[in-house]
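S.K.: Compact mmCIF, C-alpha atoms, saved as final_35.txt, coming up:
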```txt
# COMPACT_ATOMS: atom_id res chain seq x y z
CA MET J 308 0.00 0.00 0.00
CA MET J 309 1.34 3.37 -0.99
CA ILE J 310 -0.17 6.70 0.00
CA SER J 311 1.68 9.11 -2.21
CA THR J 312 1.84 12.81 -2.95
CA ASN J 313 2.05 11.85 -6.64
CA ARG J 314 -1.34 10.12 -6.87
CA LYS J 315 -4.78 10.71 -5.37
CA SER J 316 -6.25 7.75 -3.51
CA LEU J 317 -9.44 6.79 -1.68
CA ALA J 318 -10.12 4.86 1.53
CA LEU J 319 -13.31 3.47 3.05
CA LEU J 320 -13.58 3.56 6.85
CA LEU J 321 -15.61 0.73 8.38
CA ASP J 322 -16.77 0.53 11.99
CA PRO J 323 -17.24 -3.02 13.37
CA ASP J 324 -20.43 -1.93 15.13
CA LYS J 325 -22.04 -0.75 11.87
CA SER J 326 -21.06 -3.66 9.64
CA ASP J 327 -23.56 -6.52 9.53
CA GLU J 328 -22.79 -9.25 6.97
CA LYS J 329 -25.36 -8.15 4.41
CA SER J 330 -24.42 -4.46 4.36
CA LEU J 331 -20.72 -5.32 4.56
CA SER J 332 -20.92 -7.59 1.52
CA LYS J 333 -22.73 -4.89 -0.44
CA ILE J 334 -20.37 -2.04 0.36
CA LEU J 335 -17.25 -4.16 -0.13
CA GLY J 336 -18.53 -5.31 -3.51
CA ILE J 337 -19.01 -1.69 -4.55
CA ALA J 338 -15.60 -0.75 -3.12
CA ALA J 339 -13.83 -3.49 -5.07
CA ALA J 340 -15.69 -2.81 -8.32
CA SER J 341 -15.04 0.94 -8.15
CA GLY J 342 -11.34 0.60 -7.34
CA THR J 343 -11.22 1.79 -3.74
CA ASP J 344 -7.56 1.80 -2.67
CA LEU J 345 -7.73 0.97 1.03
CA ILE J 346 -10.10 -0.14 3.79
CA LEU J 347 -9.65 1.39 7.24
CA ALA J 348 -11.06 -0.64 10.13
CA GLY J 349 -11.77 0.91 13.52
CA GLY J 350 -13.78 3.43 15.50
CA SER J 351 -13.77 5.66 18.56
CA LEU J 352 -15.76 3.12 20.58
CA THR J 353 -16.50 -0.44 19.46
CA PHE J 354 -18.54 -3.24 21.02
CA ASN J 355 -17.85 -5.87 18.34
CA PRO J 356 -14.37 -7.39 17.86
CA ILE J 357 -12.27 -5.57 15.27
CA THR J 358 -10.67 -8.89 14.30
CA THR J 359 -14.02 -10.26 13.14
CA LEU J 360 -14.47 -7.30 10.82
CA ILE J 361 -10.95 -7.54 9.40
CA ASP J 362 -11.29 -11.29 8.79
CA SER J 363 -14.59 -10.72 7.01
CA ILE J 364 -13.11 -7.98 4.81
CA HIS J 365 -10.22 -10.24 3.81
CA GLN J 366 -12.65 -13.01 2.91
CA LYS J 367 -14.92 -10.78 0.84
CA CYS J 368 -12.56 -8.55 -1.14
CA PRO J 369 -8.90 -8.10 -2.16
CA ILE J 370 -8.51 -4.50 -0.95
CA PRO J 371 -5.78 -4.15 1.71
CA VAL J 372 -6.89 -3.31 5.25
CA ALA J 373 -5.28 -0.77 7.57
CA LEU J 374 -6.12 -0.82 11.26
CA PHE J 375 -7.41 2.58 12.39
CA PRO J 376 -7.44 2.00 16.16
CA GLY J 377 -9.55 4.11 18.46
CA ASN J 378 -7.98 2.57 21.57
CA LEU J 379 -5.59 -0.15 22.76
CA MET J 380 -8.33 -2.78 22.75
CA GLN J 381 -8.39 -2.62 18.95
CA ILE J 382 -4.70 -3.43 18.41
CA THR J 383 -4.32 -6.61 16.33
CA ASP J 384 -1.94 -8.19 13.84
CA LYS J 385 -4.80 -9.19 11.52
CA ALA J 386 -4.55 -6.02 9.40
CA ASP J 387 -2.18 -5.53 6.49
CA TYR J 388 -1.10 -2.18 7.96
CA ILE J 389 -1.46 -0.46 11.32
CA PHE J 390 -1.92 3.30 11.52
CA LEU J 391 -0.09 4.24 14.72
CA LEU J 392 -2.05 7.40 15.49
CA SER J 393 -0.56 10.21 17.54
CA LEU J 394 -3.21 12.81 18.36
CA ILE J 395 -0.86 15.75 17.90
CA SER J 396 -3.63 18.36 17.90
CA GLY J 397 -4.54 17.51 21.50
CA ARG J 398 -2.79 17.57 24.83
CA ASN J 399 -3.92 14.21 26.14
CA PRO J 400 -0.61 12.45 26.97
CA GLU J 401 -2.11 8.98 26.61
CA LEU J 402 -2.98 9.66 22.96
CA LEU J 403 0.34 11.36 22.26
CA ILE J 404 2.64 8.64 23.64
CA GLY J 405 1.15 6.76 26.61
CA ASN J 406 -0.85 4.16 24.68
CA HIS J 407 1.96 3.83 22.17
CA VAL J 408 4.36 2.74 24.92
CA LEU J 409 1.89 0.09 26.10
CA ALA J 410 1.40 -1.19 22.54
CA ALA J 411 5.10 -1.09 21.61
CA PRO J 412 6.09 -4.63 22.71
CA PHE J 413 3.33 -6.08 20.53
CA LEU J 414 3.84 -3.72 17.60
CA SER J 415 7.60 -4.27 17.56
CA LYS J 416 6.96 -7.81 16.30
CA ILE J 417 5.13 -6.47 13.24
CA ARG J 418 6.94 -3.16 12.87
CA GLU J 419 7.17 -3.49 9.09
CA ARG J 420 3.39 -2.99 8.96
CA VAL J 421 3.27 0.02 11.29
CA ILE J 422 2.82 3.50 9.79
CA PRO J 423 3.18 6.46 12.21
CA VAL J 424 0.44 9.01 11.58
CA GLY J 425 0.01 12.54 12.91
CA TYR J 426 -3.70 12.84 13.72
CA ILE J 427 -5.08 16.39 13.75
CA LEU J 428 -8.69 17.12 14.72
CA ILE J 429 -10.22 20.14 13.00
CA GLY J 430 -13.36 21.90 14.28
CA SER J 431 -16.39 20.90 12.21
CA GLY J 432 -19.37 22.67 13.72
CA SER J 433 -20.43 19.71 15.87
CA ASN J 434 -19.21 17.76 18.89
CA THR J 435 -18.00 14.56 17.19
CA SER J 436 -17.37 11.18 18.81
CA VAL J 437 -13.60 11.44 18.52
CA VAL J 438 -13.55 14.83 20.29
CA TYR J 439 -15.64 13.45 23.17
CA MET J 440 -13.70 10.18 23.49
CA SER J 441 -10.27 11.81 23.20
CA GLN J 442 -11.13 14.57 25.69
CA THR J 443 -9.31 17.10 23.52
CA GLU J 444 -10.25 20.28 21.72
CA PRO J 445 -10.00 20.38 17.93
CA VAL J 446 -8.03 23.02 16.08
CA PRO J 447 -10.50 25.86 15.32
CA ALA J 448 -11.66 25.70 11.71
CA ASN J 449 -10.78 29.37 11.20
CA LYS J 450 -7.19 28.97 12.47
CA PRO J 451 -5.31 27.23 9.63
CA GLU J 452 -2.01 28.51 10.98
CA ILE J 453 -2.40 26.30 14.05
CA ALA J 454 -3.06 23.24 11.88
CA VAL J 455 -0.01 24.13 9.76
CA ALA J 456 2.32 24.48 12.75
CA THR J 457 1.00 21.22 14.21
CA ALA J 458 1.48 19.37 10.92
CA ILE J 459 5.02 20.71 10.52
CA ALA J 460 5.84 19.59 14.05
CA GLY J 461 4.48 16.14 13.27
CA GLU J 462 6.60 15.82 10.15
CA LEU J 463 9.72 17.02 11.98
CA LEU J 464 9.07 14.37 14.63
CA GLY J 465 9.25 11.74 11.89
CA LEU J 466 5.55 10.97 11.34
CA LYS J 467 4.97 9.58 7.85
CA LEU J 468 1.40 10.78 7.22
CA ILE J 469 -0.70 13.74 8.36
CA TYR J 470 -4.40 13.01 8.87
CA LEU J 471 -6.74 16.04 8.99
CA GLU J 472 -9.95 14.83 10.62
CA ALA J 473 -13.27 16.66 10.92
CA GLY J 474 -14.67 13.63 12.74
CA SER J 475 -17.36 11.02 12.27
CA GLY J 476 -20.71 12.68 11.71
CA ALA J 477 -19.13 16.10 11.11
CA THR J 478 -21.54 18.65 9.67
CA GLU J 479 -18.71 20.42 7.84
CA PRO J 480 -15.55 18.99 6.27
CA VAL J 481 -12.02 20.21 6.91
CA PRO J 482 -11.91 23.70 5.34
CA GLU J 483 -10.15 23.94 1.99
CA PRO J 484 -7.86 26.79 3.15
CA THR J 485 -6.64 24.55 5.98
CA ILE J 486 -5.91 21.63 3.64
CA ARG J 487 -4.17 23.96 1.19
CA ALA J 488 -2.06 25.62 3.86
CA VAL J 489 -0.94 22.28 5.30
CA ARG J 490 -0.15 20.94 1.82
CA GLU J 491 2.08 23.96 1.14
CA ASN J 492 4.07 23.40 4.33
CA VAL J 493 4.67 19.65 4.65
CA THR J 494 6.15 17.09 2.27
CA VAL J 495 4.49 13.93 3.61
CA PRO J 496 1.12 12.72 2.23
CA ILE J 497 -2.05 14.27 3.65
CA ILE J 498 -5.19 12.29 4.47
CA VAL J 499 -8.51 14.12 4.89
CA GLY J 500 -11.70 12.69 6.39
CA GLY J 501 -15.03 13.73 7.89
CA GLY J 502 -18.01 15.56 6.42
CA LEU J 503 -17.31 14.53 2.81
CA ARG J 504 -20.85 13.61 1.79
CA ASN J 505 -20.88 14.45 -1.92
CA GLY J 506 -18.70 14.60 -4.99
CA ALA J 507 -18.31 18.37 -4.85
CA ARG J 508 -16.82 18.28 -1.35
CA ILE J 509 -14.56 15.38 -2.28
CA GLU J 510 -13.27 17.14 -5.39
CA ALA J 511 -12.69 20.34 -3.43
CA ALA J 512 -10.62 18.47 -0.82
CA TYR J 513 -8.51 16.82 -3.51
CA LYS J 514 -7.94 20.12 -5.30
CA ALA J 515 -6.95 21.77 -2.03
CA GLY J 516 -4.17 19.21 -1.57
CA ALA J 517 -5.55 16.01 -0.02
CA ASP J 518 -3.63 12.95 -1.21
CA MET J 519 -6.10 10.45 0.26
CA ILE J 520 -9.78 10.97 1.03
CA VAL J 521 -11.49 8.83 3.68
CA LEU J 522 -15.23 8.14 3.47
CA GLY J 523 -17.07 6.79 6.50
CA ASN J 524 -20.65 7.70 7.40
CA GLY J 525 -21.30 9.17 3.96
CA ALA J 526 -20.50 5.88 2.24
CA GLU J 527 -22.29 3.81 4.89
CA ASN J 528 -25.48 5.79 4.28
CA ASN J 529 -24.98 5.95 0.52
CA PRO J 530 -22.57 3.28 -0.82
CA GLU J 531 -22.86 4.76 -4.33
CA LEU J 532 -20.86 7.71 -2.99
CA LEU J 533 -17.84 5.40 -3.29
CA VAL J 534 -18.42 5.10 -7.03
CA GLU J 535 -18.69 8.88 -7.39
CA ALA J 536 -15.60 9.41 -5.24
CA CYS J 537 -13.54 6.98 -7.33
CA ARG J 538 -14.59 8.80 -10.48
CA VAL J 539 -13.47 12.09 -8.98
CA ARG J 540 -10.16 10.50 -7.89
CA ASP J 541 -9.59 9.11 -11.39
CA ARG J 542 -10.27 12.51 -12.96
CA MET J 543 -7.79 14.10 -10.61
CA ASN J 544 -5.18 11.49 -11.54
CA GLY J 545 -5.69 12.24 -15.23
```
Once more with this new file: its structure as structure tokens, please.

M.R.:
Amino acid sequence: MMISTNRKSLALLLDPDKSDEKSLSKILGIAAASGTDLILAGGSLTFNPITTLIDSIHQKCPIPVALFPGNLMQITDKADYIFLLSLISGRNPELLIGNHVLAAPFLSKIRERVIPVGYILIGSGSNTSVVYMSQTEPVPANKPEIAVATAIAGELLGLKLIYLEAGSGATEPVPEPTIRAVRENVTVPIIVGGGLRNGARIEAAYKAGADMIVLGNGAENNPELLVEACRVRDRMNG
């Protein structure tokens, strides 16, 4: 799996608590047929085992799976890749380094699959699950300079990806000026997720500088959005 600044890509985020077998088969079929690049598995709070979801994805489609862990309970070696998320926009020490230390002995055995990611929450006009669960404040949507400085710090610390997140159920996506400003100031790939419910918003995020778009609730509620998003991605790639 390559997330590159030279090619636009698309990921589908699946929550184990929202993925019954029938709906999962449908959305994965659409994802595979449309050329979705990556499946992310995880959520802020999950009741169903993440391993069950990952096993089911592997059985149903050939798209690689990256673990997108919301907490230590979701850490597993079942995924093809593990996004080691550092919530660099917040000041919760457990989400900056504490949980990483606890997970390190396990992750060291599969370190070739681990990708360190700088996770930056951006204000979206609503109190999202990730803001509540992380007990941190997002970067204000009208303060792109804070997001830029945070992203630069993350890159200088050696993080390989920057993830700009409006949050699950966000009413507004990450603002285009914020994406553009971050893109102009870091060299690592940028992932953008949250609030991307239609092709126009997806295209705007790509044009602003997103290298990968992540669809979650929007695709769960309307799986055909994946098809539209892949068409937009393909147009952007020429």

S.K.: Could you please determine the separation between CA of Val424 in chain J and CA of Gly336 in chain J in Å, to one decimal place?

M.R.: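 Those two atoms sit 28.2 Å apart.
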
S.K.: Can you find the residues with an atom no farther than 6 Å from (-15.4, 5.9, 4.5), counting all atoms listed in the file, and report them as an mmCIF file with C-alpha atoms, in the frame of the given file?

M.R.:
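Output file selection_17.cif follows:
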```cif
data_model
loop_
_atom_site.group_PDB
_atom_site.id
_atom_site.type_symbol
_atom_site.label_atom_id
_atom_site.label_comp_id
_atom_site.auth_asym_id
_atom_site.auth_seq_id
_atom_site.Cartn_x
_atom_site.Cartn_y
_atom_site.Cartn_z
ATOM 1 C CA LEU J 319 -13.310 3.470 3.050
ATOM 2 C CA LEU J 320 -13.580 3.560 6.850
ATOM 3 C CA VAL J 521 -11.490 8.830 3.680
ATOM 4 C CA LEU J 522 -15.230 8.140 3.470
ATOM 5 C CA GLY J 523 -17.070 6.790 6.500
ATOM 6 C CA ALA J 526 -20.500 5.880 2.240
#
```

S.K.: Nearest to Lys367 in chain J: which of J:Ser433, J:Ser475, J:Ser351, J:Ser332 is it, counting only C-alpha atoms?

M.R.: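 Counting only C-alpha atoms, the residue closest to Lys367 in chain J is J:Ser332.
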
S.K.: Taking (-16.0, -7.6, 15.7) as a centre in this file's frame and 10 Å as the limit, can you find every polymer residue with an atom that close, using all atoms listed in the file, and give them as a PDB file with C-alpha atoms, in the coordinates of the input?

M.R.:
```pdb
ATOM      1  CA  ASP J 322     -16.770   0.530  11.990  1.00  0.00           C
ATOM      2  CA  PRO J 323     -17.240  -3.020  13.370  1.00  0.00           C
ATOM      3  CA  ASP J 324     -20.430  -1.930  15.130  1.00  0.00           C
ATOM      4  CA  LYS J 325     -22.040  -0.750  11.870  1.00  0.00           C
ATOM      5  CA  SER J 326     -21.060  -3.660   9.640  1.00  0.00           C
ATOM      6  CA  ASP J 327     -23.560  -6.520   9.530  1.00  0.00           C
ATOM      7  CA  GLY J 349     -11.770   0.910  13.520  1.00  0.00           C
ATOM      8  CA  THR J 353     -16.500  -0.440  19.460  1.00  0.00           C
ATOM      9  CA  PHE J 354     -18.540  -3.240  21.020  1.00  0.00           C
ATOM     10  CA  ASN J 355     -17.850  -5.870  18.340  1.00  0.00           C
ATOM     11  CA  PRO J 356     -14.370  -7.390  17.860  1.00  0.00           C
ATOM     12  CA  ILE J 357     -12.270  -5.570  15.270  1.00  0.00           C
ATOM     13  CA  THR J 358     -10.670  -8.890  14.300  1.00  0.00           C
ATOM     14  CA  THR J 359     -14.020 -10.260  13.140  1.00  0.00           C
ATOM     15  CA  LEU J 360     -14.470  -7.300  10.820  1.00  0.00           C
ATOM     16  CA  ILE J 361     -10.950  -7.540   9.400  1.00  0.00           C
ATOM     17  CA  ASP J 362     -11.290 -11.290   8.790  1.00  0.00           C
ATOM     18  CA  SER J 363     -14.590 -10.720   7.010  1.00  0.00           C
ATOM     19  CA  GLN J 381      -8.390  -2.620  18.950  1.00  0.00           C
TER      20      GLN J 381
END
```

S.K.: Could you work out how far CA of Asn529 in chain J lies from CA of Arg490 in chain J, giving the answer in Å with one decimal?

M.R.: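 That distance, rounded to one decimal, is 29.0 Å.
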
S.K.: One decimal, Å: what's the distance from CA of Asn544 in chain J over to CA of Tyr513 in chain J, could you say?

M.R.: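 Pair CA of Asn544 in chain J / CA of Tyr513 in chain J returns 10.2 Å.
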
S.K.: Calculated over all atoms listed in the file, which of the candidates J:Arg398, J:Ile509, J:Ala477, J:Ala458 has the smallest distance to Thr494 in chain J?

M.R.: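 Smallest distance to Thr494 in chain J is found for J:Ala458.
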
S.K.: For Glu527 in chain J, which residue out of J:Val481, J:Asn313, J:Ile404, J:Arg504 is the nearest one, using only C-alpha atoms?

M.R.: J:Arg504

S.K.: Between J:Met519, J:Val493, J:Ala512, J:Leu379, which one has atoms that come closest to Glu462 in chain J, using only C-alpha atoms?

M.R.: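 Looking only at the distances to Glu462 in chain J, the closest residue turns out to be J:Val493.
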
S.K.: Nearest to Met380 in chain J: which of J:Leu428, J:Ile520, J:Glu472, J:Asn406 is it, counting all atoms listed in the file?

M.R.: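 Closest to Met380 in chain J of all the choices is J:Asn406.
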
S.K.: Return as JSON the box centre and box size in Å, one decimal, for an axis-aligned box around all listed atoms of range 358-368 of chain J padded by 6 Å per side.

M.R.:
```
{"center_x": -12.6, "center_y": -10.2, "center_z": 6.6, "size_x": 16.7, "size_y": 17.7, "size_z": 27.4}
```

S.K.: Pick out the closest residue to Gly342 in chain J from this set: J:Ala318, J:Ile486, J:Ile417, J:Ala473. Count only C-alpha atoms.

M.R.: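 Counting only C-alpha atoms, the residue closest to Gly342 in chain J is J:Ala318.
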
S.K.: For Val495 in chain J, work out the shell of residues within 12 Å, counting all atoms listed in the file and skipping chain neighbours fewer than 5 positions away, then give it as a list of chain:residue names.

M.R.: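 Close residues of Val495 in chain J: J:Met309, J:Ile310, J:Ser311, J:Thr312, J:Asn313, J:Pro423, J:Val424, J:Gly425, J:Ala458, J:Ile459, J:Ala460, J:Gly461, J:Glu462, J:Leu463, J:Leu464, J:Gly465, J:Leu466, J:Lys467, J:Leu468, J:Ile469, J:Tyr470, J:Val489, J:Arg490, J:Gly516, J:Ala517, J:Asp518, J:Met519.
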
S.K.: Just the selected residues (C-alpha atoms), exported as a compact mmCIF listing (two decimals), in the coordinates of the input, please.

M.R.:
```txt
# COMPACT_ATOMS: atom_id res chain seq x y z
CA MET J 309 1.34 3.37 -0.99
CA ILE J 310 -0.17 6.70 0.00
CA SER J 311 1.68 9.11 -2.21
CA THR J 312 1.84 12.81 -2.95
CA ASN J 313 2.05 11.85 -6.64
CA PRO J 423 3.18 6.46 12.21
CA VAL J 424 0.44 9.01 11.58
CA GLY J 425 0.01 12.54 12.91
CA ALA J 458 1.48 19.37 10.92
CA ILE J 459 5.02 20.71 10.52
CA ALA J 460 5.84 19.59 14.05
CA GLY J 461 4.48 16.14 13.27
CA GLU J 462 6.60 15.82 10.15
CA LEU J 463 9.72 17.02 11.98
CA LEU J 464 9.07 14.37 14.63
CA GLY J 465 9.25 11.74 11.89
CA LEU J 466 5.55 10.97 11.34
CA LYS J 467 4.97 9.58 7.85
CA LEU J 468 1.40 10.78 7.22
CA ILE J 469 -0.70 13.74 8.36
CA TYR J 470 -4.40 13.01 8.87
CA VAL J 489 -0.94 22.28 5.30
CA ARG J 490 -0.15 20.94 1.82
CA GLY J 516 -4.17 19.21 -1.57
CA ALA J 517 -5.55 16.01 -0.02
CA ASP J 518 -3.63 12.95 -1.21
CA MET J 519 -6.10 10.45 0.26
```

S.K.: Contacts of Glu531 in chain J at 12 Å or less, counting only C-alpha atoms, minus same-chain residues fewer than 2 places along, as a PDB file with C-alpha atoms, in the frame of the given file?

M.R.:
```
ATOM      1  CA  LYS J 333     -22.730  -4.890  -0.440  1.00  0.00           C
ATOM      2  CA  ILE J 334     -20.370  -2.040   0.360  1.00  0.00           C
ATOM      3  CA  LEU J 335     -17.250  -4.160  -0.130  1.00  0.00           C
ATOM      4  CA  GLY J 336     -18.530  -5.310  -3.510  1.00  0.00           C
ATOM      5  CA  ILE J 337     -19.010  -1.690  -4.550  1.00  0.00           C
ATOM      6  CA  ALA J 338     -15.600  -0.750  -3.120  1.00  0.00           C
ATOM      7  CA  ALA J 340     -15.690  -2.810  -8.320  1.00  0.00           C
ATOM      8  CA  SER J 341     -15.040   0.940  -8.150  1.00  0.00           C
ATOM      9  CA  ARG J 504     -20.850  13.610   1.790  1.00  0.00           C
ATOM     10  CA  ASN J 505     -20.880  14.450  -1.920  1.00  0.00           C
ATOM     11  CA  GLY J 506     -18.700  14.600  -4.990  1.00  0.00           C
ATOM     12  CA  LEU J 522     -15.230   8.140   3.470  1.00  0.00           C
ATOM     13  CA  GLY J 525     -21.300   9.170   3.960  1.00  0.00           C
ATOM     14  CA  ALA J 526     -20.500   5.880   2.240  1.00  0.00           C
ATOM     15  CA  GLU J 527     -22.290   3.810   4.890  1.00  0.00           C
ATOM     16  CA  ASN J 528     -25.480   5.790   4.280  1.00  0.00           C
ATOM     17  CA  ASN J 529     -24.980   5.950   0.520  1.00  0.00           C
ATOM     18  CA  LEU J 533     -17.840   5.400  -3.290  1.00  0.00           C
ATOM     19  CA  VAL J 534     -18.420   5.100  -7.030  1.00  0.00           C
ATOM     20  CA  GLU J 535     -18.690   8.880  -7.390  1.00  0.00           C
ATOM     21  CA  ALA J 536     -15.600   9.410  -5.240  1.00  0.00           C
ATOM     22  CA  CYS J 537     -13.540   6.980  -7.330  1.00  0.00           C
ATOM     23  CA  ARG J 538     -14.590   8.800 -10.480  1.00  0.00           C
TER      24      ARG J 538
END
```

S.K.: Find the residues near Ile389 in chain J: any atom within 9 Å, counting all atoms listed in the file, skip ones fewer than 5 places away on the same chain, and give them as a PyMOL selection string.

M.R.: chain J and resi 372-376+382-384+414+418+420-423
